[in-house]
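Text of query20.cif, listed as mmCIF, C-alpha atoms:
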```cif
data_run
#
loop_
_atom_site.group_PDB
_atom_site.id
_atom_site.type_symbol
_atom_site.label_atom_id
_atom_site.label_comp_id
_atom_site.auth_asym_id
_atom_site.auth_seq_id
_atom_site.Cartn_x
_atom_site.Cartn_y
_atom_site.Cartn_z
ATOM 1 C CA MET N 1355 2.400 -10.231 18.646
ATOM 2 C CA LYS N 1356 -1.096 -11.676 18.591
ATOM 3 C CA LYS N 1357 -3.608 -9.615 16.562
ATOM 4 C CA PRO N 1358 -6.249 -7.993 18.792
ATOM 5 C CA ALA N 1359 -9.862 -9.106 18.424
ATOM 6 C CA ILE N 1360 -10.998 -5.476 18.146
ATOM 7 C CA ALA N 1361 -9.040 -3.252 15.756
ATOM 8 C CA ALA N 1362 -7.594 -0.125 17.382
ATOM 9 C CA ILE N 1363 -7.297 2.986 15.183
ATOM 10 C CA LEU N 1364 -5.917 6.500 15.410
ATOM 11 C CA VAL N 1365 -8.297 9.138 13.998
ATOM 12 C CA MET N 1366 -6.873 12.534 13.057
ATOM 13 C CA THR N 1367 -8.484 15.900 12.495
ATOM 14 C CA HIS N 1368 -7.491 19.584 12.720
ATOM 15 C CA LEU N 1369 -9.490 22.393 14.326
ATOM 16 C CA PRO N 1370 -9.228 26.162 13.884
ATOM 17 C CA ASP N 1371 -8.927 26.912 17.609
ATOM 18 C CA ARG N 1372 -8.365 25.329 21.002
ATOM 19 C CA ASP N 1373 -11.974 25.814 22.161
ATOM 20 C CA SER N 1374 -13.411 23.744 19.297
ATOM 21 C CA ALA N 1375 -10.654 21.140 19.778
ATOM 22 C CA GLU N 1376 -11.501 20.805 23.475
ATOM 23 C CA ARG N 1377 -15.236 20.665 22.748
ATOM 24 C CA ILE N 1378 -14.807 17.740 20.328
ATOM 25 C CA ALA N 1379 -12.256 15.951 22.525
ATOM 26 C CA THR N 1380 -14.463 16.235 25.608
ATOM 27 C CA PHE N 1381 -17.560 15.035 23.738
ATOM 28 C CA LEU N 1382 -15.738 11.973 22.365
ATOM 29 C CA ILE N 1383 -14.469 11.030 25.827
ATOM 30 C CA GLU N 1384 -17.808 11.678 27.575
ATOM 31 C CA GLN N 1385 -19.637 9.524 25.010
ATOM 32 C CA ARG N 1386 -16.976 6.783 25.310
ATOM 33 C CA LEU N 1387 -16.254 7.049 21.619
ATOM 34 C CA ALA N 1388 -12.531 7.380 22.327
ATOM 35 C CA ALA N 1389 -10.183 6.117 24.993
ATOM 36 C CA CYS N 1390 -7.962 9.182 24.721
ATOM 37 C CA VAL N 1391 -7.785 12.361 22.638
ATOM 38 C CA ASN N 1392 -4.519 14.267 22.356
ATOM 39 C CA ILE N 1393 -4.868 17.980 21.670
ATOM 40 C CA MET N 1394 -1.587 18.770 19.984
ATOM 41 C CA SER N 1395 0.416 21.968 19.689
ATOM 42 C CA PRO N 1396 -0.740 24.435 17.035
ATOM 43 C CA CYS N 1397 0.589 23.888 13.537
ATOM 44 C CA HIS N 1398 0.508 25.912 10.344
ATOM 45 C CA SER N 1399 -1.229 24.220 7.395
ATOM 46 C CA ILE N 1400 -0.895 25.186 3.735
ATOM 47 C CA TYR N 1401 -3.396 23.613 1.338
ATOM 48 C CA HIS N 1402 -5.415 23.989 -1.875
ATOM 49 C CA TRP N 1403 -9.041 25.013 -1.319
ATOM 50 C CA GLN N 1404 -11.525 26.035 -4.006
ATOM 51 C CA GLY N 1405 -8.841 26.852 -6.560
ATOM 52 C CA LYS N 1406 -6.595 28.873 -4.242
ATOM 53 C CA ILE N 1407 -3.655 28.194 -1.979
ATOM 54 C CA GLU N 1408 -4.772 28.824 1.592
ATOM 55 C CA SER N 1409 -3.046 28.687 4.947
ATOM 56 C CA ALA N 1410 -4.268 28.502 8.516
ATOM 57 C CA ASN N 1411 -3.079 27.914 12.039
ATOM 58 C CA GLU N 1412 -4.738 24.750 13.309
ATOM 59 C CA ILE N 1413 -4.927 22.499 16.363
ATOM 60 C CA PRO N 1414 -4.394 18.792 15.521
ATOM 61 C CA LEU N 1415 -6.302 16.086 17.392
ATOM 62 C CA GLN N 1416 -5.220 12.458 17.706
ATOM 63 C CA ILE N 1417 -8.122 10.254 18.720
ATOM 64 C CA LYS N 1418 -7.531 6.704 20.004
ATOM 65 C CA THR N 1419 -10.543 4.537 19.348
ATOM 66 C CA THR N 1420 -11.616 1.311 17.623
ATOM 67 C CA LEU N 1421 -12.732 0.612 14.096
ATOM 68 C CA ALA N 1422 -16.141 -0.402 15.477
ATOM 69 C CA ARG N 1423 -16.555 3.160 16.842
ATOM 70 C CA TYR N 1424 -15.279 4.959 13.737
ATOM 71 C CA ASP N 1425 -18.686 5.783 12.199
ATOM 72 C CA ALA N 1426 -19.893 7.360 15.449
ATOM 73 C CA VAL N 1427 -16.602 9.269 15.857
ATOM 74 C CA GLU N 1428 -16.841 10.573 12.288
ATOM 75 C CA ALA N 1429 -20.476 11.609 12.780
ATOM 76 C CA ALA N 1430 -19.598 13.466 15.991
ATOM 77 C CA ILE N 1431 -16.689 15.283 14.355
ATOM 78 C CA ARG N 1432 -18.860 16.269 11.364
ATOM 79 C CA ARG N 1433 -21.604 17.563 13.679
ATOM 80 C CA LEU N 1434 -19.284 19.574 15.947
ATOM 81 C CA HIS N 1435 -16.561 20.675 13.508
ATOM 82 C CA PRO N 1436 -16.738 24.259 12.206
ATOM 83 C CA TYR N 1437 -15.121 23.517 8.813
ATOM 84 C CA GLU N 1438 -17.176 22.904 5.685
ATOM 85 C CA LEU N 1439 -14.944 19.909 4.884
ATOM 86 C CA PRO N 1440 -13.022 18.744 7.954
ATOM 87 C CA GLU N 1441 -10.100 16.367 7.729
ATOM 88 C CA ILE N 1442 -11.209 13.066 9.214
ATOM 89 C CA THR N 1443 -8.708 10.304 8.554
ATOM 90 C CA TYR N 1444 -7.627 7.198 10.397
ATOM 91 C CA VAL N 1445 -4.837 4.670 10.424
ATOM 92 C CA HIS N 1446 -4.859 1.225 11.939
ATOM 93 C CA ILE N 1447 -2.728 0.700 15.010
ATOM 94 C CA ASP N 1448 -1.071 -2.523 13.893
ATOM 95 C CA GLY N 1449 1.399 -2.768 16.711
ATOM 96 C CA GLY N 1450 2.358 -1.378 20.047
ATOM 97 C CA GLU N 1451 2.375 -2.191 23.716
ATOM 98 C CA ALA N 1452 -0.265 -4.884 24.137
ATOM 99 C CA ALA N 1453 -1.701 -3.577 27.416
ATOM 100 C CA TYR N 1454 -2.158 -0.092 25.928
ATOM 101 C CA ILE N 1455 -3.972 -1.474 22.872
ATOM 102 C CA GLN N 1456 -6.151 -3.553 25.198
ATOM 103 C CA TRP N 1457 -6.943 -0.395 27.219
ATOM 104 C CA ILE N 1458 -8.109 1.388 24.029
ATOM 105 C CA GLN N 1459 -10.366 -1.569 23.278
ATOM 106 C CA GLN N 1460 -11.773 -1.727 26.822
ATOM 107 C CA GLU N 1461 -12.516 1.994 26.953
ATOM 108 C CA ASN N 1462 -14.526 1.802 23.721
ATOM 109 C CA GLN N 1463 -16.920 -0.960 24.719
ATOM 110 C CA ASN N 1464 -20.542 -0.264 25.538
#
```
Exercise: express the given structure as structure tokens:
Amino acid sequence: MKKPAIAAILVMTHLPDRDSAERIATFLIEQRLAACVNIMSPCHSIYHWQGKIESANEIPLQIKTTLARYDAVEAAIRRLHPYELPEITYVHIDGGEAAYIQWIQQENQN
């Protein structure tokens, strides 16, 4: 498969409730910072935080965007996210159906 000219990425974060997940997802789509945002089923997270083991029910988001848009996506998540330290990670989409990857790229152009 030919490497795309614009790198597609999958950004992940978790929110404490569906309302905040929908607010961030809608903002990213309205601002054309993402081609698609999946609001996933609730999950239960267990993690270390400030010297203690914590747990929380969370709503995962999967955000399809491009590497060129990552800084703006991260800034938007930081601004709208209720957590003191939100998870904001990404992985490169190195393969997949070519037309879908092209769609992600097209939807994230100015």
Which residue is closest to Ala1361 of chain N? Choose from N:Tyr1444, N:Ala1430, N:Thr1419, N:Gln1463 and count only C-alpha atoms.
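Using only C-alpha atoms, Ala1361 of chain N sits closest to N:Thr1419.
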Considering only C-alpha atoms, can you say which of N:Ala1362, N:Ala1379, N:Ile1407, N:Ala1429 comes closest to Gly1450 of chain N?
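Closest candidate: N:Ala1362.
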Any idea what's packed within 12 Å of Tyr1454 of chain N, counting only C-alpha atoms, ignoring anything in its chain fewer than 4 positions away? Could you give it as a PDB file with C-alpha atoms, keeping the file's coordinate frame?
```pdb
ATOM      1  CA  PRO N1358      -6.249  -7.993  18.792  1.00  0.00           C
ATOM      2  CA  ALA N1362      -7.594  -0.125  17.382  1.00  0.00           C
ATOM      3  CA  ALA N1389     -10.183   6.117  24.993  1.00  0.00           C
ATOM      4  CA  CYS N1390      -7.962   9.182  24.721  1.00  0.00           C
ATOM      5  CA  LYS N1418      -7.531   6.704  20.004  1.00  0.00           C
ATOM      6  CA  THR N1419     -10.543   4.537  19.348  1.00  0.00           C
ATOM      7  CA  ILE N1447      -2.728   0.700  15.010  1.00  0.00           C
ATOM      8  CA  GLY N1449       1.399  -2.768  16.711  1.00  0.00           C
ATOM      9  CA  GLY N1450       2.358  -1.378  20.047  1.00  0.00           C
ATOM     10  CA  ILE N1458      -8.109   1.388  24.029  1.00  0.00           C
ATOM     11  CA  GLN N1459     -10.366  -1.569  23.278  1.00  0.00           C
ATOM     12  CA  GLN N1460     -11.773  -1.727  26.822  1.00  0.00           C
ATOM     13  CA  GLU N1461     -12.516   1.994  26.953  1.00  0.00           C
TER      14      GLU N1461
END
```
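Comparing N:Ile1393, N:Ile1417, N:Ile1431, N:Ile1363 by their smallest distance to Ile1378 of chain N, the closest is N:Ile1431 (using all atoms listed in the file).
You can rank N:Leu1369, N:Ile1455, N:Ile1360, N:Ile1383 by their closest distance to Asn1411 of chain N using all atoms listed in the file, and at the top of that list sits N:Leu1369.
Proximity to Trp1457 of chain N was assessed for N:Ile1442, N:Ala1388, N:Met1394, N:Leu1415 counting all atoms listed in the file; the smallest distance is recorded for N:Ala1388.
Using the PyMOL selection byres ((chain N and resi 1412) around 10) on the file at hand returns these residues: Thr1367, His1368, Leu1369, Pro1370, Asp1371, Arg1372, Ala1375, Met1394, Ser1395, Pro1396, Cys1397, His1398, Ser1399, Ser1409, Ala1410, Asn1411, Ile1413, Pro1414 and Leu1415 of chain N.
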Between atom CA of His1435 of chain N and atom CA of His1402 of chain N - distance in Å to one decimal:
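These atoms are spaced 19.3 Å apart.
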Shell of 6 Å around Gln1416 of chain N, all atoms listed in the file, local chain residues under 6 positions omitted, as an MDAnalysis selection string:
chainID N and resid 1365:1366 1391:1392
Do you have the atom CA of Arg1386 of chain N-atom CA of Asp1448 of chain N distance handy?
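Here the two named atoms are 21.7 Å from each other.
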Would you fill the gaps in segment 1388-1413 of chain N so it has N, CA and C atoms, then print it as a PDB file, in the frame of the given file?
```
ATOM      1  N   ALA N1388     -13.991   7.411  22.396  1.00  0.00           N
ATOM      2  CA  ALA N1388     -12.531   7.380  22.327  1.00  0.00           C
ATOM      3  C   ALA N1388     -11.985   7.070  23.708  1.00  0.00           C
ATOM      4  N   ALA N1389     -10.859   6.382  23.732  1.00  0.00           N
ATOM      5  CA  ALA N1389     -10.183   6.117  24.993  1.00  0.00           C
ATOM      6  C   ALA N1389      -9.365   7.320  25.425  1.00  0.00           C
ATOM      7  N   CYS N1390      -8.835   8.041  24.453  1.00  0.00           N
ATOM      8  CA  CYS N1390      -7.962   9.182  24.721  1.00  0.00           C
ATOM      9  C   CYS N1390      -7.973  10.086  23.500  1.00  0.00           C
ATOM     10  N   VAL N1391      -7.933  11.388  23.726  1.00  0.00           N
ATOM     11  CA  VAL N1391      -7.785  12.361  22.638  1.00  0.00           C
ATOM     12  C   VAL N1391      -6.631  13.281  23.014  1.00  0.00           C
ATOM     13  N   ASN N1392      -5.635  13.344  22.150  1.00  0.00           N
ATOM     14  CA  ASN N1392      -4.519  14.267  22.356  1.00  0.00           C
ATOM     15  C   ASN N1392      -4.801  15.544  21.588  1.00  0.00           C
ATOM     16  N   ILE N1393      -4.788  16.661  22.294  1.00  0.00           N
ATOM     17  CA  ILE N1393      -4.868  17.980  21.670  1.00  0.00           C
ATOM     18  C   ILE N1393      -3.427  18.440  21.510  1.00  0.00           C
ATOM     19  N   MET N1394      -2.995  18.525  20.274  1.00  0.00           N
ATOM     20  CA  MET N1394      -1.587  18.770  19.984  1.00  0.00           C
ATOM     21  C   MET N1394      -1.295  20.275  19.949  1.00  0.00           C
ATOM     22  N   SER N1395      -0.021  20.579  19.825  1.00  0.00           N
ATOM     23  CA  SER N1395       0.416  21.968  19.689  1.00  0.00           C
ATOM     24  C   SER N1395      -0.064  22.533  18.358  1.00  0.00           C
ATOM     25  N   PRO N1396      -0.310  23.836  18.299  1.00  0.00           N
ATOM     26  CA  PRO N1396      -0.740  24.435  17.035  1.00  0.00           C
ATOM     27  C   PRO N1396       0.271  24.172  15.923  1.00  0.00           C
ATOM     28  N   CYS N1397      -0.253  24.050  14.717  1.00  0.00           N
ATOM     29  CA  CYS N1397       0.589  23.888  13.537  1.00  0.00           C
ATOM     30  C   CYS N1397       0.096  24.858  12.469  1.00  0.00           C
ATOM     31  N   HIS N1398       0.891  25.043  11.455  1.00  0.00           N
ATOM     32  CA  HIS N1398       0.508  25.912  10.344  1.00  0.00           C
ATOM     33  C   HIS N1398       0.313  25.029   9.117  1.00  0.00           C
ATOM     34  N   SER N1399      -0.882  25.048   8.551  1.00  0.00           N
ATOM     35  CA  SER N1399      -1.229  24.220   7.395  1.00  0.00           C
ATOM     36  C   SER N1399      -1.305  25.077   6.140  1.00  0.00           C
ATOM     37  N   ILE N1400      -0.799  24.545   5.055  1.00  0.00           N
ATOM     38  CA  ILE N1400      -0.895  25.186   3.735  1.00  0.00           C
ATOM     39  C   ILE N1400      -1.549  24.163   2.816  1.00  0.00           C
ATOM     40  N   TYR N1401      -2.610  24.575   2.092  1.00  0.00           N
ATOM     41  CA  TYR N1401      -3.396  23.613   1.338  1.00  0.00           C
ATOM     42  C   TYR N1401      -4.128  24.309   0.183  1.00  0.00           C
ATOM     43  N   HIS N1402      -4.562  23.497  -0.786  1.00  0.00           N
ATOM     44  CA  HIS N1402      -5.415  23.989  -1.875  1.00  0.00           C
ATOM     45  C   HIS N1402      -6.862  23.944  -1.403  1.00  0.00           C
ATOM     46  N   TRP N1403      -7.623  25.005  -1.649  1.00  0.00           N
ATOM     47  CA  TRP N1403      -9.041  25.013  -1.319  1.00  0.00           C
ATOM     48  C   TRP N1403      -9.764  25.912  -2.311  1.00  0.00           C
ATOM     49  N   GLN N1404     -10.695  25.330  -3.040  1.00  0.00           N
ATOM     50  CA  GLN N1404     -11.525  26.035  -4.006  1.00  0.00           C
ATOM     51  C   GLN N1404     -10.688  26.871  -4.963  1.00  0.00           C
ATOM     52  N   GLY N1405      -9.653  26.240  -5.525  1.00  0.00           N
ATOM     53  CA  GLY N1405      -8.841  26.852  -6.560  1.00  0.00           C
ATOM     54  C   GLY N1405      -7.771  27.813  -6.073  1.00  0.00           C
ATOM     55  N   LYS N1406      -7.599  27.956  -4.776  1.00  0.00           N
ATOM     56  CA  LYS N1406      -6.595  28.873  -4.242  1.00  0.00           C
ATOM     57  C   LYS N1406      -5.702  28.141  -3.247  1.00  0.00           C
ATOM     58  N   ILE N1407      -4.513  28.686  -3.047  1.00  0.00           N
ATOM     59  CA  ILE N1407      -3.655  28.194  -1.979  1.00  0.00           C
ATOM     60  C   ILE N1407      -4.015  28.974  -0.724  1.00  0.00           C
ATOM     61  N   GLU N1408      -4.364  28.240   0.317  1.00  0.00           N
ATOM     62  CA  GLU N1408      -4.772  28.824   1.592  1.00  0.00           C
ATOM     63  C   GLU N1408      -3.780  28.416   2.672  1.00  0.00           C
ATOM     64  N   SER N1409      -3.831  29.093   3.783  1.00  0.00           N
ATOM     65  CA  SER N1409      -3.046  28.687   4.947  1.00  0.00           C
ATOM     66  C   SER N1409      -3.820  29.044   6.205  1.00  0.00           C
ATOM     67  N   ALA N1410      -3.561  28.273   7.256  1.00  0.00           N
ATOM     68  CA  ALA N1410      -4.268  28.502   8.516  1.00  0.00           C
ATOM     69  C   ALA N1410      -3.471  27.903   9.662  1.00  0.00           C
ATOM     70  N   ASN N1411      -3.583  28.518  10.816  1.00  0.00           N
ATOM     71  CA  ASN N1411      -3.079  27.914  12.039  1.00  0.00           C
ATOM     72  C   ASN N1411      -4.163  26.971  12.544  1.00  0.00           C
ATOM     73  N   GLU N1412      -3.764  25.753  12.912  1.00  0.00           N
ATOM     74  CA  GLU N1412      -4.738  24.750  13.309  1.00  0.00           C
ATOM     75  C   GLU N1412      -4.248  23.977  14.535  1.00  0.00           C
ATOM     76  N   ILE N1413      -5.202  23.337  15.207  1.00  0.00           N
ATOM     77  CA  ILE N1413      -4.927  22.499  16.363  1.00  0.00           C
ATOM     78  C   ILE N1413      -5.205  21.047  15.953  1.00  0.00           C
TER      79      ILE N1413
END
```
